[in-house]
Structure formats: C-alpha cells, structure tokens
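Novice: The file below is model04.pdb, PDB, N, CA and C atoms and all ligand atoms:
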```
ATOM      1  N   MET A   1     -34.788 238.761 -51.684
ATOM      2  CA  MET A   1     -35.392 240.096 -51.608
ATOM      3  C   MET A   1     -34.431 241.039 -50.901
ATOM      4  N   ALA A   2     -34.539 242.292 -51.230
ATOM      5  CA  ALA A   2     -33.680 243.287 -50.576
ATOM      6  C   ALA A   2     -34.477 244.577 -50.392
ATOM      7  N   ILE A   3     -34.215 245.226 -49.298
ATOM      8  CA  ILE A   3     -34.853 246.512 -49.025
ATOM      9  C   ILE A   3     -33.959 247.610 -49.595
ATOM     10  N   HIS A   4     -34.557 248.479 -50.409
ATOM     11  CA  HIS A   4     -33.774 249.537 -51.049
ATOM     12  C   HIS A   4     -34.377 250.905 -50.708
ATOM     13  N   LEU A   5     -33.507 251.814 -50.285
ATOM     14  CA  LEU A   5     -33.953 253.168 -49.937
ATOM     15  C   LEU A   5     -33.635 254.126 -51.072
ATOM     16  N   LYS A   6     -34.662 254.838 -51.534
ATOM     17  CA  LYS A   6     -34.441 255.915 -52.509
ATOM     18  C   LYS A   6     -34.279 257.196 -51.690
ATOM     19  N   ILE A   7     -33.044 257.522 -51.413
ATOM     20  CA  ILE A   7     -32.725 258.517 -50.392
ATOM     21  C   ILE A   7     -33.297 259.893 -50.703
ATOM     22  N   ASP A   8     -33.411 260.217 -51.971
ATOM     23  CA  ASP A   8     -33.945 261.536 -52.337
ATOM     24  C   ASP A   8     -35.411 261.689 -51.927
ATOM     25  N   LYS A   9     -36.111 260.581 -51.782
ATOM     26  CA  LYS A   9     -37.528 260.636 -51.399
ATOM     27  C   LYS A   9     -37.734 260.631 -49.888
ATOM     28  N   CYS A  10     -36.706 260.294 -49.132
ATOM     29  CA  CYS A  10     -36.841 260.188 -47.678
ATOM     30  C   CYS A  10     -37.009 261.565 -47.049
ATOM     31  N   THR A  11     -38.060 261.698 -46.233
ATOM     32  CA  THR A  11     -38.327 262.977 -45.562
ATOM     33  C   THR A  11     -37.796 262.990 -44.126
ATOM     34  N   GLY A  12     -37.267 261.860 -43.685
ATOM     35  CA  GLY A  12     -36.746 261.794 -42.323
ATOM     36  C   GLY A  12     -37.832 261.718 -41.269
ATOM     37  N   CYS A  13     -39.003 261.186 -41.636
ATOM     38  CA  CYS A  13     -40.132 261.147 -40.701
ATOM     39  C   CYS A  13     -39.888 260.179 -39.533
ATOM     40  N   GLY A  14     -39.055 259.169 -39.735
ATOM     41  CA  GLY A  14     -38.721 258.233 -38.660
ATOM     42  C   GLY A  14     -39.685 257.074 -38.514
ATOM     43  N   ALA A  15     -40.693 256.979 -39.386
ATOM     44  CA  ALA A  15     -41.678 255.896 -39.258
ATOM     45  C   ALA A  15     -41.027 254.515 -39.406
ATOM     46  N   CYS A  16     -40.077 254.389 -40.298
ATOM     47  CA  CYS A  16     -39.399 253.097 -40.484
ATOM     48  C   CYS A  16     -38.591 252.726 -39.234
ATOM     49  N   VAL A  17     -37.995 253.723 -38.612
ATOM     50  CA  VAL A  17     -37.211 253.501 -37.389
ATOM     51  C   VAL A  17     -38.113 252.935 -36.297
ATOM     52  N   ASN A  18     -39.305 253.495 -36.197
ATOM     53  CA  ASN A  18     -40.223 253.099 -35.128
ATOM     54  C   ASN A  18     -40.863 251.729 -35.357
ATOM     55  N   ILE A  19     -41.039 251.346 -36.605
ATOM     56  CA  ILE A  19     -41.825 250.127 -36.858
ATOM     57  C   ILE A  19     -40.978 248.873 -37.055
ATOM     58  N   CYS A  20     -39.729 249.007 -37.399
ATOM     59  CA  CYS A  20     -38.924 247.816 -37.749
ATOM     60  C   CYS A  20     -38.776 246.880 -36.537
ATOM     61  N   PRO A  21     -39.249 245.637 -36.650
ATOM     62  CA  PRO A  21     -39.137 244.707 -35.523
ATOM     63  C   PRO A  21     -37.696 244.309 -35.221
ATOM     64  N   GLY A  22     -36.817 244.510 -36.169
ATOM     65  CA  GLY A  22     -35.407 244.164 -35.951
ATOM     66  C   GLY A  22     -34.560 245.354 -35.529
ATOM     67  N   ASP A  23     -35.192 246.527 -35.370
ATOM     68  CA  ASP A  23     -34.467 247.739 -34.967
ATOM     69  C   ASP A  23     -33.309 248.021 -35.933
ATOM     70  N   LEU A  24     -33.622 247.962 -37.228
ATOM     71  CA  LEU A  24     -32.564 248.035 -38.239
ATOM     72  C   LEU A  24     -32.426 249.401 -38.909
ATOM     73  N   TRP A  25     -33.360 250.309 -38.654
ATOM     74  CA  TRP A  25     -33.292 251.629 -39.289
ATOM     75  C   TRP A  25     -32.805 252.681 -38.305
ATOM     76  N   ARG A  26     -32.044 253.619 -38.823
ATOM     77  CA  ARG A  26     -31.601 254.781 -38.054
ATOM     78  C   ARG A  26     -31.803 256.031 -38.896
ATOM     79  N   LEU A  27     -31.832 257.182 -38.214
ATOM     80  CA  LEU A  27     -31.837 258.466 -38.925
ATOM     81  C   LEU A  27     -30.464 259.096 -38.779
ATOM     82  N   ASP A  28     -29.909 259.518 -39.895
ATOM     83  CA  ASP A  28     -28.614 260.174 -39.859
ATOM     84  C   ASP A  28     -28.769 261.562 -39.227
ATOM     85  N   LYS A  29     -27.924 261.859 -38.255
ATOM     86  CA  LYS A  29     -28.085 263.106 -37.496
ATOM     87  C   LYS A  29     -27.827 264.349 -38.351
ATOM     88  N   LYS A  30     -26.969 264.214 -39.322
ATOM     89  CA  LYS A  30     -26.651 265.385 -40.164
ATOM     90  C   LYS A  30     -27.658 265.564 -41.302
ATOM     91  N   SER A  31     -27.870 264.491 -42.050
ATOM     92  CA  SER A  31     -28.723 264.614 -43.241
ATOM     93  C   SER A  31     -30.209 264.478 -42.910
ATOM     94  N   HIS A  32     -30.524 263.922 -41.727
ATOM     95  CA  HIS A  32     -31.908 263.621 -41.331
ATOM     96  C   HIS A  32     -32.585 262.658 -42.305
ATOM     97  N   LYS A  33     -31.789 261.809 -42.926
ATOM     98  CA  LYS A  33     -32.319 260.771 -43.814
ATOM     99  C   LYS A  33     -32.131 259.415 -43.126
ATOM    100  N   ALA A  34     -32.995 258.469 -43.514
ATOM    101  CA  ALA A  34     -32.899 257.134 -42.923
ATOM    102  C   ALA A  34     -31.766 256.347 -43.561
ATOM    103  N   TYR A  35     -31.258 255.379 -42.828
ATOM    104  CA  TYR A  35     -30.343 254.400 -43.411
ATOM    105  C   TYR A  35     -30.554 253.061 -42.709
ATOM    106  N   LEU A  36     -30.294 251.993 -43.465
ATOM    107  CA  LEU A  36     -30.492 250.629 -42.964
ATOM    108  C   LEU A  36     -29.171 250.121 -42.395
ATOM    109  N   LEU A  37     -29.234 249.645 -41.153
ATOM    110  CA  LEU A  37     -28.010 249.184 -40.500
ATOM    111  C   LEU A  37     -27.478 247.896 -41.125
ATOM    112  N   SER A  38     -28.377 246.959 -41.427
ATOM    113  CA  SER A  38     -27.910 245.660 -41.901
ATOM    114  C   SER A  38     -28.972 244.988 -42.765
ATOM    115  N   GLN A  39     -28.655 244.835 -44.025
ATOM    116  CA  GLN A  39     -29.556 244.127 -44.938
ATOM    117  C   GLN A  39     -29.647 242.644 -44.544
ATOM    118  N   GLU A  40     -28.531 242.091 -44.081
ATOM    119  CA  GLU A  40     -28.489 240.657 -43.758
ATOM    120  C   GLU A  40     -29.415 240.288 -42.606
ATOM    121  N   ASP A  41     -29.654 241.242 -41.697
ATOM    122  CA  ASP A  41     -30.493 240.940 -40.540
ATOM    123  C   ASP A  41     -31.978 241.218 -40.795
ATOM    124  N   CYS A  42     -32.288 241.691 -41.998
ATOM    125  CA  CYS A  42     -33.687 242.016 -42.336
ATOM    126  C   CYS A  42     -34.500 240.736 -42.462
ATOM    127  N   TRP A  43     -35.721 240.763 -41.900
ATOM    128  CA  TRP A  43     -36.602 239.596 -41.929
ATOM    129  C   TRP A  43     -37.545 239.624 -43.134
ATOM    130  N   ASN A  44     -37.441 240.662 -43.949
ATOM    131  CA  ASN A  44     -38.334 240.820 -45.102
ATOM    132  C   ASN A  44     -39.810 240.864 -44.699
ATOM    133  N   CYS A  45     -40.075 241.547 -43.602
ATOM    134  CA  CYS A  45     -41.481 241.684 -43.197
ATOM    135  C   CYS A  45     -42.167 242.811 -43.976
ATOM    136  N   PHE A  46     -41.386 243.711 -44.570
ATOM    137  CA  PHE A  46     -41.853 244.827 -45.403
ATOM    138  C   PHE A  46     -42.613 245.900 -44.632
ATOM    139  N   SER A  47     -42.586 245.844 -43.305
ATOM    140  CA  SER A  47     -43.291 246.869 -42.517
ATOM    141  C   SER A  47     -42.758 248.259 -42.829
ATOM    142  N   CYS A  48     -41.453 248.376 -42.992
ATOM    143  CA  CYS A  48     -40.863 249.696 -43.268
ATOM    144  C   CYS A  48     -41.373 250.248 -44.597
ATOM    145  N   ALA A  49     -41.448 249.389 -45.604
ATOM    146  CA  ALA A  49     -41.921 249.841 -46.913
ATOM    147  C   ALA A  49     -43.395 250.231 -46.850
ATOM    148  N   LYS A  50     -44.174 249.479 -46.068
ATOM    149  CA  LYS A  50     -45.608 249.765 -45.967
ATOM    150  C   LYS A  50     -45.874 251.077 -45.250
ATOM    151  N   VAL A  51     -45.043 251.411 -44.269
ATOM    152  CA  VAL A  51     -45.302 252.591 -43.447
ATOM    153  C   VAL A  51     -44.705 253.869 -44.057
ATOM    154  N   CYS A  52     -43.854 253.723 -45.038
ATOM    155  CA  CYS A  52     -43.161 254.882 -45.604
ATOM    156  C   CYS A  52     -44.078 255.634 -46.572
ATOM    157  N   GLU A  53     -44.627 256.739 -46.128
ATOM    158  CA  GLU A  53     -45.605 257.505 -46.913
ATOM    159  C   GLU A  53     -45.056 257.995 -48.251
ATOM    160  N   PRO A  54     -43.823 258.528 -48.276
ATOM    161  CA  PRO A  54     -43.328 259.047 -49.566
ATOM    162  C   PRO A  54     -42.789 257.987 -50.525
ATOM    163  N   GLU A  55     -43.017 256.705 -50.176
ATOM    164  CA  GLU A  55     -42.584 255.589 -51.028
ATOM    165  C   GLU A  55     -41.078 255.618 -51.281
ATOM    166  N   ALA A  56     -40.338 255.928 -50.239
ATOM    167  CA  ALA A  56     -38.875 255.969 -50.356
ATOM    168  C   ALA A  56     -38.253 254.580 -50.206
ATOM    169  N   ILE A  57     -39.027 253.623 -49.668
ATOM    170  CA  ILE A  57     -38.491 252.279 -49.455
ATOM    171  C   ILE A  57     -39.184 251.318 -50.410
ATOM    172  N   GLU A  58     -38.388 250.602 -51.174
ATOM    173  CA  GLU A  58     -38.962 249.605 -52.062
ATOM    174  C   GLU A  58     -38.321 248.248 -51.818
ATOM    175  N   VAL A  59     -39.049 247.225 -52.235
ATOM    176  CA  VAL A  59     -38.573 245.850 -52.078
ATOM    177  C   VAL A  59     -38.028 245.400 -53.421
ATOM    178  N   ARG A  60     -36.747 245.122 -53.493
ATOM    179  CA  ARG A  60     -36.146 244.627 -54.736
ATOM    180  C   ARG A  60     -36.363 243.122 -54.828
ATOM    181  N   LEU A  61     -36.911 242.705 -55.946
ATOM    182  CA  LEU A  61     -37.244 241.289 -56.123
ATOM    183  C   LEU A  61     -36.088 240.515 -56.749
ATOM    184  N   PRO A  62     -36.003 239.223 -56.437
ATOM    185  CA  PRO A  62     -34.969 238.405 -57.079
ATOM    186  C   PRO A  62     -35.214 238.308 -58.584
ATOM    187  N   TYR A  63     -34.142 238.157 -59.315
ATOM    188  CA  TYR A  63     -34.206 238.040 -60.785
ATOM    189  C   TYR A  63     -35.179 236.955 -61.216
ATOM    190  N   SER A  64     -35.163 235.832 -60.475
ATOM    191  CA  SER A  64     -35.973 234.677 -60.872
ATOM    192  C   SER A  64     -37.474 234.943 -60.754
ATOM    193  N   ILE A  65     -37.881 235.936 -60.001
ATOM    194  CA  ILE A  65     -39.313 236.221 -59.828
ATOM    195  C   ILE A  65     -39.819 237.205 -60.881
ATOM    196  N   ALA A  66     -39.103 238.289 -61.094
ATOM    197  CA  ALA A  66     -39.652 239.327 -61.979
ATOM    198  C   ALA A  66     -38.596 239.957 -62.889
ATOM    199  N   GLY A  67     -37.452 239.319 -63.040
ATOM    200  CA  GLY A  67     -36.432 239.880 -63.914
ATOM    201  C   GLY A  67     -35.540 240.858 -63.178
ATOM    202  N   TYR A  68     -34.431 241.206 -63.825
ATOM    203  CA  TYR A  68     -33.436 242.073 -63.190
ATOM    204  C   TYR A  68     -34.010 243.466 -62.909
ATOM    205  N   GLY A  69     -33.785 243.952 -61.684
ATOM    206  CA  GLY A  69     -34.126 245.328 -61.340
ATOM    207  C   GLY A  69     -35.589 245.578 -60.996
ATOM    208  N   ALA A  70     -36.383 244.525 -60.864
ATOM    209  CA  ALA A  70     -37.807 244.730 -60.548
ATOM    210  C   ALA A  70     -37.990 245.031 -59.059
ATOM    211  N   SER A  71     -38.990 245.856 -58.781
ATOM    212  CA  SER A  71     -39.224 246.232 -57.388
ATOM    213  C   SER A  71     -40.711 246.306 -57.084
ATOM    214  N   LEU A  72     -41.024 246.197 -55.809
ATOM    215  CA  LEU A  72     -42.401 246.310 -55.326
ATOM    216  C   LEU A  72     -42.481 247.479 -54.356
ATOM    217  N   ILE A  73     -43.509 248.292 -54.503
ATOM    218  CA  ILE A  73     -43.733 249.370 -53.538
ATOM    219  C   ILE A  73     -45.162 249.244 -53.017
ATOM    220  N   PRO A  74     -45.329 249.067 -51.693
ATOM    221  CA  PRO A  74     -46.680 248.952 -51.140
ATOM    222  C   PRO A  74     -47.257 250.305 -50.752
ATOM    223  N   LYS A  75     -48.550 250.385 -50.787
ATOM    224  CA  LYS A  75     -49.249 251.589 -50.326
ATOM    225  C   LYS A  75     -50.444 251.128 -49.508
ATOM    226  N   ILE A  76     -50.482 251.523 -48.254
ATOM    227  CA  ILE A  76     -51.572 251.097 -47.376
ATOM    228  C   ILE A  76     -52.784 252.011 -47.570
ATOM    229  N   LYS A  77     -53.924 251.407 -47.816
ATOM    230  CA  LYS A  77     -55.199 252.127 -47.905
ATOM    231  C   LYS A  77     -56.066 251.670 -46.738
ATOM    232  N   PRO A  78     -57.150 252.378 -46.429
ATOM    233  CA  PRO A  78     -57.955 251.998 -45.266
ATOM    234  C   PRO A  78     -58.439 250.549 -45.284
ATOM    235  N   LYS A  79     -58.786 250.029 -46.470
ATOM    236  CA  LYS A  79     -59.318 248.666 -46.521
ATOM    237  C   LYS A  79     -58.559 247.764 -47.490
ATOM    238  N   SER A  80     -57.404 248.185 -47.891
ATOM    239  CA  SER A  80     -56.649 247.366 -48.837
ATOM    240  C   SER A  80     -55.185 247.776 -48.807
ATOM    241  N   ILE A  81     -54.398 246.960 -49.473
ATOM    242  CA  ILE A  81     -53.002 247.322 -49.702
ATOM    243  C   ILE A  81     -52.754 247.235 -51.201
ATOM    244  N   ILE A  82     -52.135 248.268 -51.717
ATOM    245  CA  ILE A  82     -51.838 248.309 -53.149
ATOM    246  C   ILE A  82     -50.348 248.045 -53.329
ATOM    247  N   TRP A  83     -50.024 247.056 -54.160
ATOM    248  CA  TRP A  83     -48.622 246.740 -54.467
ATOM    249  C   TRP A  83     -48.353 247.174 -55.895
ATOM    250  N   LYS A  84     -47.371 248.045 -56.040
ATOM    251  CA  LYS A  84     -46.985 248.509 -57.374
ATOM    252  C   LYS A  84     -45.709 247.770 -57.786
ATOM    253  N   LEU A  85     -45.816 246.976 -58.843
ATOM    254  CA  LEU A  85     -44.659 246.248 -59.363
ATOM    255  C   LEU A  85     -44.064 247.044 -60.518
ATOM    256  N   LYS A  86     -42.777 247.368 -60.387
ATOM    257  CA  LYS A  86     -42.099 248.121 -61.442
ATOM    258  C   LYS A  86     -40.966 247.280 -61.994
ATOM    259  N   THR A  87     -40.894 247.183 -63.300
ATOM    260  CA  THR A  87     -39.766 246.470 -63.904
ATOM    261  C   THR A  87     -38.721 247.489 -64.340
ATOM    262  N   LYS A  88     -37.528 246.977 -64.644
ATOM    263  CA  LYS A  88     -36.423 247.884 -64.971
ATOM    264  C   LYS A  88     -36.705 248.701 -66.229
ATOM    265  N   ASP A  89     -37.481 248.137 -67.150
ATOM    266  CA  ASP A  89     -37.768 248.878 -68.383
ATOM    267  C   ASP A  89     -38.934 249.856 -68.237
ATOM    268  N   GLY A  90     -39.392 250.054 -66.993
ATOM    269  CA  GLY A  90     -40.393 251.097 -66.739
ATOM    270  C   GLY A  90     -41.831 250.616 -66.733
ATOM    271  N   ASN A  91     -42.067 249.344 -67.023
ATOM    272  CA  ASN A  91     -43.443 248.840 -66.986
ATOM    273  C   ASN A  91     -43.933 248.758 -65.545
ATOM    274  N   GLU A  92     -45.212 249.008 -65.364
ATOM    275  CA  GLU A  92     -45.805 248.962 -64.019
ATOM    276  C   GLU A  92     -47.047 248.102 -64.019
ATOM    277  N   GLU A  93     -47.196 247.321 -62.959
ATOM    278  CA  GLU A  93     -48.441 246.594 -62.736
ATOM    279  C   GLU A  93     -48.879 246.879 -61.320
ATOM    280  N   VAL A  94     -50.190 247.007 -61.109
ATOM    281  CA  VAL A  94     -50.699 247.342 -59.782
ATOM    282  C   VAL A  94     -51.648 246.243 -59.326
ATOM    283  N   PHE A  95     -51.433 245.775 -58.100
ATOM    284  CA  PHE A  95     -52.291 244.741 -57.509
ATOM    285  C   PHE A  95     -52.889 245.310 -56.234
ATOM    286  N   GLU A  96     -54.197 245.231 -56.096
ATOM    287  CA  GLU A  96     -54.845 245.707 -54.862
ATOM    288  C   GLU A  96     -55.423 244.504 -54.131
ATOM    289  N   ILE A  97     -55.042 244.386 -52.867
ATOM    290  CA  ILE A  97     -55.484 243.249 -52.058
ATOM    291  C   ILE A  97     -56.276 243.774 -50.877
ATOM    292  N   GLU A  98     -57.500 243.284 -50.731
ATOM    293  CA  GLU A  98     -58.357 243.695 -49.615
ATOM    294  C   GLU A  98     -57.769 243.245 -48.279
ATOM    295  N   THR A  99     -57.837 244.114 -47.299
ATOM    296  CA  THR A  99     -57.325 243.728 -45.969
ATOM    297  C   THR A  99     -58.423 243.701 -44.919
ATOM    298  N   LEU A 100     -59.532 244.369 -45.182
ATOM    299  CA  LEU A 100     -60.638 244.388 -44.213
ATOM    300  C   LEU A 100     -61.946 244.142 -44.936
ATOM    301  N   LYS A 101     -62.876 243.520 -44.252
ATOM    302  CA  LYS A 101     -64.212 243.297 -44.837
ATOM    303  C   LYS A 101     -65.109 244.430 -44.418
TER     304      LYS A 101
HETATM  305  S1  LIG B 201     -40.361 256.017 -43.317
HETATM  306 FE1  LIG B 201     -39.561 256.586 -45.342
HETATM  307  S2  LIG B 201     -39.544 258.819 -45.335
HETATM  308 FE2  LIG B 201     -39.731 258.170 -43.194
HETATM  309  S3  LIG B 201     -37.602 258.116 -42.440
HETATM  310 FE3  LIG B 201     -38.107 256.052 -43.179
HETATM  311  S4  LIG B 201     -37.400 256.026 -45.322
HETATM  312 FE4  LIG B 201     -37.504 258.162 -44.692
HETATM  313  S1  LIG B 202     -38.446 244.585 -43.969
HETATM  314 FE1  LIG B 202     -38.994 244.447 -41.773
HETATM  315  S2  LIG B 202     -37.159 243.672 -40.777
HETATM  316 FE2  LIG B 202     -36.532 244.378 -42.790
HETATM  317  S3  LIG B 202     -35.835 246.463 -42.467
HETATM  318 FE3  LIG B 202     -37.996 246.577 -43.048
HETATM  319  S4  LIG B 202     -39.166 246.593 -41.140
HETATM  320 FE4  LIG B 202     -37.052 245.906 -40.675
END
```
Let's see the structure in the file written out as structure tokens.
Specialist:
Amino acid sequence: MAIHLKIDKCTGCGACVNICPGDLWRLDKKSHKAYLLSQEDCWNCFSCAKVCEPEAIEVRLPYSIAGYGASLIPKIKPKSIIWKLKTKDGNEEVFEIETLK
C-alpha cells in the first residue's frame, strides 16, 4: 500500500500533520500544501486519509489486490466510514461500514 497525495486538492488545513502517529506530514511554507516526509516509514494506519476532508489523500492498493492503479478513499460519517474504491479505468465501488451502534 502507498499513501498518495493529490496536491491540487490539498487545502493546507494541516489535519494530516496533526493526526499522523509517525509525524510524517509537513506543510510546505511557500505553497501551504502538505507533503509526506517518508513513504517507507508509513504504518498504513490511514488516519491521514480518513481525516482529509477534501479527499486529497488516497491509499494506492497493490496490483495483486485490485489491479494496477486502484485506490481507496475513505470518508468518515457520524456512524460509519465509507470507502470509495476507484480502478484505473474509472470504475467505482462504494463500501459503507458501520462504526457505531
Ligand atoms: S489533511 Fe488533506 S487538505 Fe489538509 S493539509 Fe493534509 S492533505 Fe492537505
Ligand atoms: S497512513 Fe498513518 S502513518 Fe502513514 S502517513 Fe498516514 S497517518 Fe501517517
């Protein structure tokens, strides 16, 4: 898995910087956009992707799981989490998982 930033969507809110348990995100002082310090040190906890409101952070999946170029984008809802799976050819599947009773 790999964390991928779609830089054009980043608003520079800093939420990923604050939540990453590995302290791996920074905000660029000039562009005010986020950047990842080290992909290798990422624990794949996906907290940054979950907290990113504009969906600028996506999780790139290995080829063996969903084919080349597939990605997952989470969206936190009050009682669930929605995972949007996108394949390279533009197909989308949405999975909603309850988080609270
Ligand atoms: S949480 Fe998303 S929008 Fe906010 S700084 Fe990080 S990447 Fe940019
Ligand atoms: S997935 Fe977790 S460890 Fe990796 S960059 Fe995001 S918040 Fe940090």
Novice: Neighbouring residues of Asn91 (chain A) were defined as those with any atom within 12 Å, considering only C-alpha atoms; residues of the same chain fewer than 6 positions away were excluded. Please report them as a compact mmCIF listing (two decimals) with N, CA and C atoms, keeping the file's coordinate frame.
Specialist:
```txt
# COMPACT_ATOMS: atom_id res chain seq x y z
N ALA A 66 -39.10 238.29 -61.09
CA ALA A 66 -39.65 239.33 -61.98
C ALA A 66 -38.60 239.96 -62.89
N GLY A 67 -37.45 239.32 -63.04
CA GLY A 67 -36.43 239.88 -63.91
C GLY A 67 -35.54 240.86 -63.18
N GLY A 69 -33.78 243.95 -61.68
CA GLY A 69 -34.13 245.33 -61.34
C GLY A 69 -35.59 245.58 -61.00
N ALA A 70 -36.38 244.52 -60.86
CA ALA A 70 -37.81 244.73 -60.55
C ALA A 70 -37.99 245.03 -59.06
N SER A 71 -38.99 245.86 -58.78
CA SER A 71 -39.22 246.23 -57.39
C SER A 71 -40.71 246.31 -57.08
N LEU A 72 -41.02 246.20 -55.81
CA LEU A 72 -42.40 246.31 -55.33
C LEU A 72 -42.48 247.48 -54.36
N LYS A 84 -47.37 248.04 -56.04
CA LYS A 84 -46.98 248.51 -57.37
C LYS A 84 -45.71 247.77 -57.79
N LEU A 85 -45.82 246.98 -58.84
CA LEU A 85 -44.66 246.25 -59.36
C LEU A 85 -44.06 247.04 -60.52
```
Novice: Evaluate the PyMOL selection byres (((not hetatm)) within 6.5 of (chain B and resi 201)) against this structure - the residues, as an MDAnalysis selection string, please.
Specialist: chainID A and resid 5 9:17 33:34 48 51:57
Novice: Output the selection as a tab-separated table (two decimals), in the coordinates of the input - N, CA and C atoms for each residue.
Specialist:
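Below is the file out.tsv, written as the result:
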```tsv
chain	number	residue	atom	x	y	z
A	5	LEU	N	-33.51	251.81	-50.28
A	5	LEU	CA	-33.95	253.17	-49.94
A	5	LEU	C	-33.64	254.13	-51.07
A	9	LYS	N	-36.11	260.58	-51.78
A	9	LYS	CA	-37.53	260.64	-51.40
A	9	LYS	C	-37.73	260.63	-49.89
A	10	CYS	N	-36.71	260.29	-49.13
A	10	CYS	CA	-36.84	260.19	-47.68
A	10	CYS	C	-37.01	261.56	-47.05
A	11	THR	N	-38.06	261.70	-46.23
A	11	THR	CA	-38.33	262.98	-45.56
A	11	THR	C	-37.80	262.99	-44.13
A	12	GLY	N	-37.27	261.86	-43.68
A	12	GLY	CA	-36.75	261.79	-42.32
A	12	GLY	C	-37.83	261.72	-41.27
A	13	CYS	N	-39.00	261.19	-41.64
A	13	CYS	CA	-40.13	261.15	-40.70
A	13	CYS	C	-39.89	260.18	-39.53
A	14	GLY	N	-39.06	259.17	-39.74
A	14	GLY	CA	-38.72	258.23	-38.66
A	14	GLY	C	-39.68	257.07	-38.51
A	15	ALA	N	-40.69	256.98	-39.39
A	15	ALA	CA	-41.68	255.90	-39.26
A	15	ALA	C	-41.03	254.52	-39.41
A	16	CYS	N	-40.08	254.39	-40.30
A	16	CYS	CA	-39.40	253.10	-40.48
A	16	CYS	C	-38.59	252.73	-39.23
A	17	VAL	N	-37.99	253.72	-38.61
A	17	VAL	CA	-37.21	253.50	-37.39
A	17	VAL	C	-38.11	252.94	-36.30
A	33	LYS	N	-31.79	261.81	-42.93
A	33	LYS	CA	-32.32	260.77	-43.81
A	33	LYS	C	-32.13	259.42	-43.13
A	34	ALA	N	-32.99	258.47	-43.51
A	34	ALA	CA	-32.90	257.13	-42.92
A	34	ALA	C	-31.77	256.35	-43.56
A	48	CYS	N	-41.45	248.38	-42.99
A	48	CYS	CA	-40.86	249.70	-43.27
A	48	CYS	C	-41.37	250.25	-44.60
A	51	VAL	N	-45.04	251.41	-44.27
A	51	VAL	CA	-45.30	252.59	-43.45
A	51	VAL	C	-44.70	253.87	-44.06
A	52	CYS	N	-43.85	253.72	-45.04
A	52	CYS	CA	-43.16	254.88	-45.60
A	52	CYS	C	-44.08	255.63	-46.57
A	53	GLU	N	-44.63	256.74	-46.13
A	53	GLU	CA	-45.60	257.50	-46.91
A	53	GLU	C	-45.06	258.00	-48.25
A	54	PRO	N	-43.82	258.53	-48.28
A	54	PRO	CA	-43.33	259.05	-49.57
A	54	PRO	C	-42.79	257.99	-50.52
A	55	GLU	N	-43.02	256.70	-50.18
A	55	GLU	CA	-42.58	255.59	-51.03
A	55	GLU	C	-41.08	255.62	-51.28
A	56	ALA	N	-40.34	255.93	-50.24
A	56	ALA	CA	-38.88	255.97	-50.36
A	56	ALA	C	-38.25	254.58	-50.21
A	57	ILE	N	-39.03	253.62	-49.67
A	57	ILE	CA	-38.49	252.28	-49.46
A	57	ILE	C	-39.18	251.32	-50.41
```
Novice: Using only C-alpha atoms, which protein or nucleic acid residues come within 9 Å of Ile97 (chain A)? Drop anything in the same chain fewer than 6 positions from it, and give the result as a VMD selection string.
Specialist: chain A and resid 79 to 83
Novice: Give as a count of residues only every residue, naming chains and numbers as the document does, that has an atom within 10 Å of (-35.0, 243.3, -36.9), counting only C-alpha atoms.
Specialist: 16
Novice: Taking the backbone alone, and naming residues the way the document does, which bits of chain A are alpha helix (DSSP H) by DSSP, as a count of residues only?
Specialist: 14
Novice: Pick out each residue of chain A that DSSP on the backbone tags as strand (DSSP E); I need them as number ranges by chain.
Specialist: A: 2-5, 25-27, 34-36, 57-60, 71-77, 80-86, 92-98
Novice: So the first atom is atom N of Arg26 (chain A) and the second is atom C of Pro74 (chain A); what is the distance between them in Å, to one decimal place?
Specialist: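 That distance, rounded to one decimal, is 19.6 Å.
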Novice: Figure out the distance between CA of Phe46 (chain A) and atom C of Ile3 (chain A), please, to one decimal in Å.
Specialist: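 Here the two named atoms are 9.4 Å from each other.
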Novice: Let me know the centre plus edge lengths, in Å and rounded to one decimal, of a box with edges along x, y and z that contains all listed atoms of ligand LIG 202 (chain B) and is padded by 4 Å on every side, as lines of an AutoDock Vina configuration file.
Specialist:
```
center_x = -37.5
center_y = 245.1
center_z = -42.3
size_x = 11.3
size_y = 10.9
size_z = 11.3
```
Novice: For a test of reading the model, state the distance in Å between atom FE3 of ligand LIG 202 (chain B) and atom N of Lys77 (chain A), rounded to one decimal.
Specialist: 17.3 Å
Novice: Quick one: of A:Lys86, A:His4, A:Lys29, A:Lys75, who's nearest to ligand LIG 202 (chain B), counting only C-alpha atoms and all ligand atoms?
Specialist: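 Smallest distance to ligand LIG 202 (chain B) is found for A:His4.
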Novice: Measuring between all atoms listed in the file, which one of A:Asp8, A:Leu100, A:Lys88, A:Leu36 shows the shortest distance to ligand LIG 202 (chain B)?
Specialist: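 Of the candidates, the smallest distance to ligand LIG 202 (chain B) is held by A:Leu36.
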Novice: Which of these residues is nearest to ligand LIG 202 (chain B), using only C-alpha atoms and all ligand atoms: A:Ile7, A:Leu27, A:His32, A:Val59?
Specialist: A:Val59
Novice: Can you work out which one of A:Ile65, A:Ser47, A:Asn18, A:Asp28 has the shortest atom-to-atom distance to ligand LIG 202 (chain B), counting all atoms listed in the file?
Specialist: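 Closest to ligand LIG 202 (chain B), using all atoms listed in the file: A:Ser47.
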Novice: For Tyr35 (chain A), which residue among A:Gly90, A:Lys6, A:Ile76, A:Met1 is the nearest when counting only C-alpha atoms?
Specialist: A:Lys6
Novice: Give the answer as one residue: which of A:Val94, A:Asp89, A:Ile73, A:Ala2 has the shortest atom-to-atom distance to Leu61 (chain A), using only N, CA and C atoms?
Specialist: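 Smallest distance to Leu61 (chain A) is found for A:Ala2.
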